[in-house]
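Undergrad: Following this message is one structure expressed as structure tokens.
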Amino acid sequence: MPDLPQPHPRDLGLKKDLPAFLLGLLATSFQVLLLREFSAYFSGNELTLGIILASWLFWVGLGSFVAGKLKSFPNRSSLYFLVISLFPFALLAVRFSRFLFHLLPGEIAGLFPVTFMSLGLCLLIGFPLGALFVINVSRRAGDVSRVYILESLGAVAAGPIVYLALSISASSWATAAIIAATVALLTFWADRKGASFIWAPGLIMLLAGFLLVDLPSQRAYWKPFELITTRDTRYSRLQLIRVQEQISLYSNSAPVYSYPDPGAAEESVHFAMLQNPEARRILLIGGGAGGSLGELLKYPEAEVDYLELDPEIINLSRVFLRDEDKATLTAARVRIFLQDGRTFLRKSKESYQVILLNLPEPATAQVNRYYTLEFFLLAQRHLSSGGILSFPVQSSEAAIGPELQHFLSSQYFTLSRVFSQVRVVPGERNVFLASAEPLTLDPRELSRRIASCGLVTRYLEPRSLEFRLHALRVQDLESRLTSGPRRINSDFAPISFFLNASLWSTQFRGPGAGILRFFSKVPVSWLLGLPLLLFGLLLLVLRARKGEAVFSLLPLAVMGLTTIVTEIILLVWFQALYGFLYGRIALLMSTFMLGLFLGAVLGNRIHSTTYGWLAVIQAGFLLLLGLFRLAIPVKLPEVLAFVILLGLGILGGGLFVASNQLYLRIREDYGRGYSLDLFGSFIGALVTSSLLIPLAGLSRIIDAVLILNIMGLIFLLTRPKKRLTSD
């Protein structure tokens with residue numbers, strides 16, 4: 001390893017430990033903020049976020065691996081300052097990437113732009129962060145455990161700091177500037193050298209300018225449309241856009257609703273309400289401010305409970321709605337509840353005659369929760385006798401291709417598992433209707449009911465209904481849906497989310513659609529069984545080489561994959577059961593990082609680490625995974641998620657320290673263990689959220705991870721006693 005100047009004897013205590021702590025704080029904060037920015041401008045679902053997270057882990061791991069091979073290092077403070085100075089440009093690059101890929105504002109990007117931007121930007125930020133871990137270890141005379149403990153502690157602090165800064169500033173960019181400036185000043189204080197005096201003032205000026213261009217750059221992004229206002233909330237980035245006389249509300253660059261849009265408002269309400277025009281108790285989940293509430297109040301007996309997750313949607317809507325539409329939000333027959341729809345239904349004892357979903361399509365695991373078997377069963381329990389559940393989904397007026405057919409069929413068959421009667425309205429948006437009683441799509445009967453109720457509608461009038469609900473059109477659509485694959489969408493196997501991503505990818509050139517279509521046809525047994533078979537063959541090859549180092553390093557790679565896969569599964573599980581995830585994700589992830597910190601501290605106290613101790617930790621993973629596997633189908637208290645994450649972190653931190661202590665007895669390479677941990681995480685992040693969760697389901701993935709860890713434990717327990725090589 002390189003010969004570095006020893007620190008002055010007085011350079012002890014806080015200044016000596018601070019750089020490693022700041023690395024954890026900086027890396028975790030920047031990772032969270034970069035994910036938020038990608039979500040805001042790439043309509044980020046779990047598929048795109050999985051690619052971004054995998055790219056981040058890959059480059060941080062590679063940076064650590066490469067740095068471990070170097071004979072000399074760049075100035076540490078300069079590298080910190082370089083990362084801080086590059087990060088604002090990375091956020092700018094995400095925001096203006098639509099010009100690079102010739103996209104319209106708000107247009108969904110394909111897999112290629114997401115992958116290209118992820119790999120490029122994570123290289124700029126992640127690679128030097130990985131190198132800094134090795135540099136910090138070298139500056140601490142090879143004390144990997146100490147640096148890992150301090151970095152984990154910094155990552156623990158990042159969660160509440162980011163959450164607090166976002167709450168104060170209400171802007172991701174302002175939060176980035178606050179954290180970056182703080183880390184820059186602390187780095188300058190801890191390592192006062194010539195480079196620091198040059199970098200620090202320039203960085204402060206750069207970050208100040210970065211803050212000033214936040215709003216102007218957002219307006220530039222939306223050109224030629226007019227950005228009225230924007231707000232970062234704990235749920236998403238909301239943006240109000242004016243296009244001529246129409247105003248649209250976007251959440252993470254995806255449309256929430258446009259106003260006025262009477263056609264969308266009418267079809268989302270009246271096809272369901274006309275099944276029972278006398279219905280009194282109505283539940284509306286989402287989209288009410290876009291006109292649906294006004295349409296519901298045309299029924300004189302209707303009393304509406306309106307659920308909206310983000311209160312800022314209501315606040316922003318009050319800015320631009322006409323007076324008569326503002327009045328619907330305060331009408332005596334309307335009660336507004338600002339909370340997650342599933343949480344509301346789980347706790348409520350109310351019964352409704354009509355439940356209307358007016359939400360975006362299930363393009364993310366969060367929204368998909370409202371299109372699953374479990375939600376439909378929950379809604380059924382809150383419907384009175386003969387009650388109706390209804391929701392619109394984007395479709396095609398002209399032709400229904402294979403991807404669209406598979407997506408719509410999944411919705412149809414999932415509904416049919418709960419309701420005996422399911423009908424689907426043709427059109428650019430298909431309106432699904434479900435009930436235990438017969439439903440009518442007879443255009444003459446619906447026109448008669450409109451007239452008898454005295455409803456004034458602009459788009460649902462006799463001529464348009466005759467065309468849209470022509471018997472042949474309805475029969476053709478329903479025959480296509482019933483002839484599609486019978487794939488049931490559930491909380492713990494969210495196939496509709498994957499099918500929607502496959503449908504979304506067909507809009508773009510490139511191999512994206514073909515890749516997703518290919519994996520959708522691969523049997524689950526192959527998706528999980530083939531990687532396990534290849535891992536078993538790898539173990540045989542490694543055993544044949546008789547290398548000593550592999551027995552200390554292999555558990556690190558297995559641990560990295562195990563922890564990231566379990567984390568992702570646990571977050572999806574938590575979200576499905578307990579509501580919106582992102583309000584609590586910082587606390588959940590901080591709990592895991594706290595576990596890493598505690599595990600590393602405990603592991604560092606064991607002075608005579610052996611392979612037996614490594615096997616004990618590996619067995620601990622098996623026990624924890626087994627308990628989580630049993631808990632998946634059972635609804636247990638929320639605290640269980642935190643307990644599992646804490647335990648997962650403690651085992652991971654302890655294994656990291658033990659593995660590195662064993663490996664460093666053989667070879668002095670400070671970056672190898674850290675990089676293998678991250679490479680294992682890279683593989684797990686890449687395939688789990690994007691492919692395995694929707695196609696295989698949570699329980700089967702945990703089963704596969706259990707088998708993987710059993711194979712790793714057997715490999716460790718059968719280690720030859722005689723050390724032959726140090727490969």
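By order of appearance in the structure tokens: chains A, B, ..., then residues from 1 within every chain, and ligands from 1 in the order shown.
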Find the residues around region 211-215 of chain A up to 8 Å (only C-alpha atoms counted), leave out those fewer than 4 positions away in its own chain, and share them as a PDB file with C-alpha atoms, in the first residue's frame.
TA:
```pdb
ATOM      1  CA  TRP A 173     -31.898  21.331  -4.353  1.00  0.00           C
ATOM      2  CA  ALA A 174     -31.840  23.486  -1.239  1.00  0.00           C
ATOM      3  CA  ALA A 177     -26.870  22.699  -1.017  1.00  0.00           C
ATOM      4  CA  LEU A 207     -23.697  26.110  -4.130  1.00  0.00           C
ATOM      5  CA  ARG A 219     -39.219  26.719 -15.864  1.00  0.00           C
TER       6      ARG A 219
END
```
Undergrad: Which residues are close to region 243-257 of chain A, i.e. within 10 Å by only C-alpha atoms, leaving aside same-chain residues fewer than 5 positions away? Reply as a PyMOL selection string.
TA: chain A and resi 36-44+105-108+222+224-233+235-238+264-265+286-291+313+316-317+320-321+358-360
Undergrad: In Å, rounded to a single decimal, give me how far CA of Pro362 (chain A) is from CA of Glu437 (chain A).
TA: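 CA of Pro362 (chain A) lies 26.5 Å from CA of Glu437 (chain A).
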Undergrad: So how many Å separate CA of Thr343 (chain A) and CA of Glu295 (chain A), to one decimal?
TA: 25.7 Å
Undergrad: Of the residues A:Ala220, A:Ile617, A:Leu329, A:Val705, which is the one nearest to Ile564 (chain A), using only C-alpha atoms?
TA: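 Of A:Ala220, A:Ile617, A:Leu329, A:Val705, the one nearest Ile564 (chain A), counting only C-alpha atoms, is A:Val705.
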Undergrad: Could you build a table of the residues in region 498-565 of chain A lying no more than 12 Å from region 55-78 of chain A, giving for each the nearest pair of atoms and their separation in Å rounded to one decimal place, using only C-alpha atoms, ordered by chain and ascending residue number, as a Markdown table?
TA:
```
| residue | atom | partner | partner_atom | distance |
| --- | --- | --- | --- | --- |
| A:Ala557 | CA | A:Gly61 | CA | 11.3 |
| A:Gly560 | CA | A:Leu57 | CA | 10.3 |
| A:Leu561 | CA | A:Leu57 | CA | 11.2 |
| A:Ile564 | CA | A:Leu57 | CA | 10.4 |
```
Undergrad: As a VMD selection string, please: every residue in region 384-469 of chain A that a backbone DSSP assignment puts in helix (DSSP H, G or I).
TA: chain A and resid 402 to 416 443 to 453 462 to 468
Undergrad: Store the residues of this selection in a file with N, CA, C and O atoms, as a short mmCIF file (atom, residue, chain, number, x, y, z; two decimals), in the first residue's frame.
TA:
```cif
data_model
loop_
_atom_site.label_atom_id
_atom_site.label_comp_id
_atom_site.auth_asym_id
_atom_site.auth_seq_id
_atom_site.Cartn_x
_atom_site.Cartn_y
_atom_site.Cartn_z
N PRO A 402 -50.29 -7.10 -27.72
CA PRO A 402 -50.09 -8.13 -26.71
C PRO A 402 -49.79 -7.57 -25.32
O PRO A 402 -50.33 -8.06 -24.32
N GLU A 403 -48.91 -6.54 -25.24
CA GLU A 403 -48.56 -6.00 -23.92
C GLU A 403 -49.77 -5.38 -23.24
O GLU A 403 -50.00 -5.59 -22.04
N LEU A 404 -50.56 -4.59 -24.00
CA LEU A 404 -51.75 -3.98 -23.43
C LEU A 404 -52.76 -5.05 -23.04
O LEU A 404 -53.41 -4.96 -21.99
N GLN A 405 -52.93 -6.08 -23.88
CA GLN A 405 -53.86 -7.16 -23.55
C GLN A 405 -53.47 -7.85 -22.25
O GLN A 405 -54.32 -8.10 -21.38
N HIS A 406 -52.18 -8.15 -22.10
CA HIS A 406 -51.74 -8.83 -20.88
C HIS A 406 -51.98 -7.97 -19.64
O HIS A 406 -52.39 -8.49 -18.59
N PHE A 407 -51.73 -6.68 -19.76
CA PHE A 407 -51.93 -5.77 -18.64
C PHE A 407 -53.40 -5.68 -18.26
O PHE A 407 -53.78 -5.83 -17.09
N LEU A 408 -54.27 -5.46 -19.25
CA LEU A 408 -55.70 -5.34 -18.97
C LEU A 408 -56.28 -6.66 -18.49
O LEU A 408 -57.17 -6.68 -17.61
N SER A 409 -55.82 -7.77 -19.04
CA SER A 409 -56.31 -9.08 -18.61
C SER A 409 -55.98 -9.34 -17.15
O SER A 409 -56.78 -9.93 -16.41
N SER A 410 -54.80 -8.90 -16.72
CA SER A 410 -54.44 -9.06 -15.32
C SER A 410 -55.43 -8.34 -14.42
O SER A 410 -55.87 -8.88 -13.39
N GLN A 411 -55.82 -7.12 -14.80
CA GLN A 411 -56.81 -6.39 -14.02
C GLN A 411 -58.16 -7.11 -14.03
O GLN A 411 -58.83 -7.24 -13.00
N TYR A 412 -58.55 -7.59 -15.19
CA TYR A 412 -59.85 -8.25 -15.33
C TYR A 412 -59.93 -9.51 -14.47
O TYR A 412 -60.89 -9.71 -13.70
N PHE A 413 -58.92 -10.38 -14.56
CA PHE A 413 -58.98 -11.63 -13.83
C PHE A 413 -58.79 -11.43 -12.33
O PHE A 413 -59.33 -12.19 -11.53
N THR A 414 -58.03 -10.42 -11.94
CA THR A 414 -57.89 -10.12 -10.51
C THR A 414 -59.22 -9.65 -9.93
O THR A 414 -59.62 -10.10 -8.85
N LEU A 415 -59.90 -8.76 -10.65
CA LEU A 415 -61.24 -8.33 -10.21
C LEU A 415 -62.21 -9.51 -10.15
O LEU A 415 -63.03 -9.62 -9.23
N SER A 416 -62.12 -10.39 -11.14
CA SER A 416 -63.07 -11.51 -11.22
C SER A 416 -62.89 -12.50 -10.08
O SER A 416 -63.81 -13.27 -9.78
N PRO A 443 -76.46 1.27 -23.79
CA PRO A 443 -76.41 2.74 -23.95
C PRO A 443 -77.79 3.40 -23.81
O PRO A 443 -77.87 4.52 -23.29
N ARG A 444 -78.85 2.72 -24.25
CA ARG A 444 -80.18 3.32 -24.13
C ARG A 444 -80.62 3.41 -22.68
O ARG A 444 -81.22 4.41 -22.26
N GLU A 445 -80.32 2.37 -21.92
CA GLU A 445 -80.71 2.38 -20.51
C GLU A 445 -79.92 3.45 -19.75
O GLU A 445 -80.48 4.17 -18.91
N LEU A 446 -78.64 3.58 -20.05
CA LEU A 446 -77.85 4.60 -19.37
C LEU A 446 -78.31 6.00 -19.76
O LEU A 446 -78.36 6.91 -18.91
N SER A 447 -78.67 6.20 -21.03
CA SER A 447 -79.19 7.50 -21.46
C SER A 447 -80.50 7.82 -20.75
O SER A 447 -80.75 8.97 -20.36
N ARG A 448 -81.35 6.79 -20.58
CA ARG A 448 -82.61 7.00 -19.87
C ARG A 448 -82.36 7.43 -18.42
O ARG A 448 -83.02 8.34 -17.91
N ARG A 449 -81.39 6.80 -17.77
CA ARG A 449 -81.10 7.14 -16.37
C ARG A 449 -80.50 8.54 -16.26
O ARG A 449 -80.77 9.25 -15.29
N ILE A 450 -79.69 8.92 -17.23
CA ILE A 450 -79.16 10.29 -17.23
C ILE A 450 -80.29 11.30 -17.30
O ILE A 450 -80.32 12.30 -16.56
N ALA A 451 -81.25 11.03 -18.17
CA ALA A 451 -82.39 11.94 -18.34
C ALA A 451 -83.26 11.97 -17.09
O ALA A 451 -83.69 13.05 -16.64
N SER A 452 -83.52 10.80 -16.51
CA SER A 452 -84.40 10.76 -15.34
C SER A 452 -83.78 11.43 -14.13
O SER A 452 -84.49 11.95 -13.26
N CYS A 453 -82.43 11.43 -14.06
CA CYS A 453 -81.75 12.10 -12.95
C CYS A 453 -81.56 13.60 -13.20
O CYS A 453 -81.10 14.32 -12.31
N PRO A 462 -76.52 10.68 -25.51
CA PRO A 462 -77.00 9.47 -26.21
C PRO A 462 -76.17 9.07 -27.43
O PRO A 462 -75.85 7.89 -27.59
N ARG A 463 -75.78 10.01 -28.28
CA ARG A 463 -75.07 9.63 -29.49
C ARG A 463 -73.70 9.05 -29.16
O ARG A 463 -73.29 8.03 -29.73
N SER A 464 -72.96 9.69 -28.26
CA SER A 464 -71.62 9.18 -27.92
C SER A 464 -71.71 7.84 -27.20
O SER A 464 -70.86 6.96 -27.39
N LEU A 465 -72.74 7.67 -26.36
CA LEU A 465 -72.90 6.39 -25.67
C LEU A 465 -73.22 5.27 -26.65
O LEU A 465 -72.74 4.14 -26.50
N GLU A 466 -74.06 5.55 -27.65
CA GLU A 466 -74.39 4.54 -28.66
C GLU A 466 -73.13 4.07 -29.38
O GLU A 466 -72.97 2.88 -29.66
N PHE A 467 -72.23 4.99 -29.67
CA PHE A 467 -70.99 4.62 -30.36
C PHE A 467 -70.04 3.88 -29.41
O PHE A 467 -69.53 2.80 -29.75
N ARG A 468 -69.82 4.45 -28.23
CA ARG A 468 -68.82 3.88 -27.32
C ARG A 468 -69.25 2.53 -26.77
O ARG A 468 -68.41 1.64 -26.57
#
```
Undergrad: If we count only C-alpha atoms and set the cut-off at 8 Å, which residues sit around Ile683 (chain A), ignoring sequence neighbours fewer than 4 positions away in its own chain? Please answer as a list in words.
TA: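 Counting only C-alpha atoms, the residues come to Ala54, Leu561, Phe679 and Val687 of chain A.
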Undergrad: Enumerate the residues of region 319-413 of chain A with a DSSP assignment of strand (DSSP E), computed from the backbone, and present them as a CSV table (one decimal) with N, CA and C atoms, in the first residue's frame.
TA:
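Dumped everything to out19.csv:
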```csv
chain,number,residue,atom,x,y,z
A,334,VAL,N,-69.5,16.8,1.4
A,334,VAL,CA,-68.1,16.2,1.2
A,334,VAL,C,-67.3,16.3,2.4
A,335,ARG,N,-66.7,15.1,2.7
A,335,ARG,CA,-65.7,15.0,3.8
A,335,ARG,C,-64.4,14.7,3.2
A,336,ILE,N,-63.3,15.5,3.5
A,336,ILE,CA,-62.0,15.2,2.9
A,336,ILE,C,-61.1,14.6,4.0
A,337,PHE,N,-60.5,13.5,3.6
A,337,PHE,CA,-59.5,12.8,4.5
A,337,PHE,C,-58.2,12.8,3.8
A,352,TYR,N,-70.0,1.6,2.0
A,352,TYR,CA,-70.3,2.5,0.9
A,352,TYR,C,-71.1,1.7,-0.2
A,353,GLN,N,-71.9,2.5,-1.0
A,353,GLN,CA,-72.6,1.9,-2.1
A,353,GLN,C,-71.7,1.9,-3.4
A,354,VAL,N,-70.9,2.9,-3.5
A,354,VAL,CA,-70.0,3.1,-4.6
A,354,VAL,C,-68.6,3.5,-4.1
A,355,ILE,N,-67.6,2.8,-4.6
A,355,ILE,CA,-66.2,3.1,-4.3
A,355,ILE,C,-65.5,3.4,-5.7
A,356,LEU,N,-65.0,4.7,-5.8
A,356,LEU,CA,-64.4,5.1,-7.1
A,356,LEU,C,-62.9,5.3,-6.9
A,357,LEU,N,-62.1,4.6,-7.7
A,357,LEU,CA,-60.6,4.9,-7.7
A,357,LEU,C,-60.4,5.9,-8.9
A,383,LEU,N,-68.2,-2.5,0.9
A,383,LEU,CA,-69.3,-2.2,0.0
A,383,LEU,C,-70.6,-2.9,0.5
A,384,SER,N,-71.6,-2.1,0.5
A,384,SER,CA,-72.9,-2.6,0.9
A,384,SER,C,-73.4,-3.6,-0.1
A,385,SER,N,-74.5,-4.3,0.1
A,385,SER,CA,-75.1,-5.3,-0.8
A,385,SER,C,-75.3,-4.6,-2.2
A,386,GLY,N,-74.8,-5.2,-3.2
A,386,GLY,CA,-74.9,-4.7,-4.6
A,386,GLY,C,-74.0,-3.5,-4.8
A,387,GLY,N,-73.1,-3.2,-4.0
A,387,GLY,CA,-72.2,-2.1,-4.2
A,387,GLY,C,-71.3,-2.2,-5.4
A,388,ILE,N,-70.7,-1.1,-5.8
A,388,ILE,CA,-70.0,-1.1,-7.1
A,388,ILE,C,-68.6,-0.5,-6.8
A,389,LEU,N,-67.6,-1.2,-7.4
A,389,LEU,CA,-66.2,-0.7,-7.4
A,389,LEU,C,-65.9,-0.3,-8.9
A,390,SER,N,-65.2,0.9,-9.1
A,390,SER,CA,-65.0,1.3,-10.4
A,390,SER,C,-63.6,2.0,-10.5
A,391,PHE,N,-62.9,1.9,-11.6
A,391,PHE,CA,-61.7,2.6,-11.8
A,391,PHE,C,-61.4,2.7,-13.3
A,392,PRO,N,-60.8,3.8,-13.8
A,392,PRO,CA,-60.4,3.9,-15.2
A,392,PRO,C,-58.9,3.5,-15.4
A,393,VAL,N,-58.6,3.0,-16.6
A,393,VAL,CA,-57.2,2.6,-16.9
A,393,VAL,C,-56.9,3.0,-18.3
A,394,GLN,N,-55.8,3.6,-18.6
A,394,GLN,CA,-55.4,4.0,-19.9
A,394,GLN,C,-55.4,2.8,-20.8
```
Undergrad: What separation in Å, quoted to one decimal, exists between CA of Leu542 (chain A) and CA of Phe715 (chain A)?
TA: 9.7 Å
Undergrad: Would you list the contacts of Gly263 (chain A) as a list in words, taking every protein, DNA or RNA residue within 10 Å and counting only C-alpha atoms, but skipping same-chain residues closer than 6 positions in sequence?
TA: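 The residues satisfying every condition are Gly291, Thr457, Arg458, Tyr459 and Leu460 of chain A.
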Undergrad: Keeping only N, CA and C atoms, write the selected residues to a file as an mmCIF file, in the first residue's frame.
TA:
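What ended up in selection_18.cif:
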```cif
data_model
loop_
_atom_site.group_PDB
_atom_site.id
_atom_site.type_symbol
_atom_site.label_atom_id
_atom_site.label_comp_id
_atom_site.auth_asym_id
_atom_site.auth_seq_id
_atom_site.Cartn_x
_atom_site.Cartn_y
_atom_site.Cartn_z
ATOM 1 N N GLY A 291 -62.357 17.606 -10.914
ATOM 2 C CA GLY A 291 -63.706 17.666 -11.466
ATOM 3 C C GLY A 291 -64.602 16.520 -11.050
ATOM 4 N N THR A 457 -74.570 16.572 -18.812
ATOM 5 C CA THR A 457 -73.258 16.052 -19.192
ATOM 6 C C THR A 457 -72.904 16.553 -20.585
ATOM 7 N N ARG A 458 -71.598 16.761 -20.803
ATOM 8 C CA ARG A 458 -71.145 17.281 -22.098
ATOM 9 C C ARG A 458 -70.677 16.176 -23.027
ATOM 10 N N TYR A 459 -70.188 15.077 -22.471
ATOM 11 C CA TYR A 459 -69.602 14.030 -23.299
ATOM 12 C C TYR A 459 -70.372 12.711 -23.230
ATOM 13 N N LEU A 460 -71.021 12.455 -22.134
ATOM 14 C CA LEU A 460 -71.837 11.244 -22.032
ATOM 15 C C LEU A 460 -73.276 11.586 -22.411
#
```
Undergrad: I'd like the contact shell of Leu602 (chain A) - 9 Å cut-off, only C-alpha atoms, skipping same-chain residues fewer than 3 positions apart - returned as a count of residues only.
TA: 8
Undergrad: Restricting the calculation to only C-alpha atoms: of A:Leu706, A:Thr688, A:Ser552, A:Ala398, which residue gets closest to Leu627 (chain A)?
TA: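 Looking at the shortest contact to Leu627 (chain A), the residue is A:Leu706.
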Undergrad: Taking only C-alpha atoms into account, which of A:Ala658, A:Gly484, A:Pro128, A:Ser699 comes nearest Ser608 (chain A)?
TA: A:Ala658
Undergrad: Please provide the set of residues having any atom within 12 Å of Phe535 (chain A), restricted to only C-alpha atoms, with same-chain residues fewer than 2 positions apart removed, written as a list of chain:residue names.
TA: A:Leu528, A:Gly529, A:Leu530, A:Pro531, A:Leu532, A:Leu533, A:Leu537, A:Leu538, A:Leu539, A:Leu540, A:Val541, A:Leu542, A:Leu554, A:Ala557, A:Val558, A:Ala704, A:Val705, A:Ile707, A:Leu708, A:Asn709, A:Ile710, A:Met711, A:Gly712, A:Phe715
Undergrad: Identify, on the basis of only C-alpha atoms, every residue whose closest approach to Asn604 (chain A) does not exceed 12 Å; exclude the query and any residue fewer than 5 positions from it along the same chain; express the result as an MDAnalysis selection string.
TA: chainID A and resid 143:149 596:599 609 653:661
Undergrad: Return the single residue from A:Leu25, A:Cys122, A:Leu100, A:Ala279 that is closest to Ala176 (chain A), with distances computed using only C-alpha atoms.
TA: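 Distance minimum relative to Ala176 (chain A) lands on A:Leu25.
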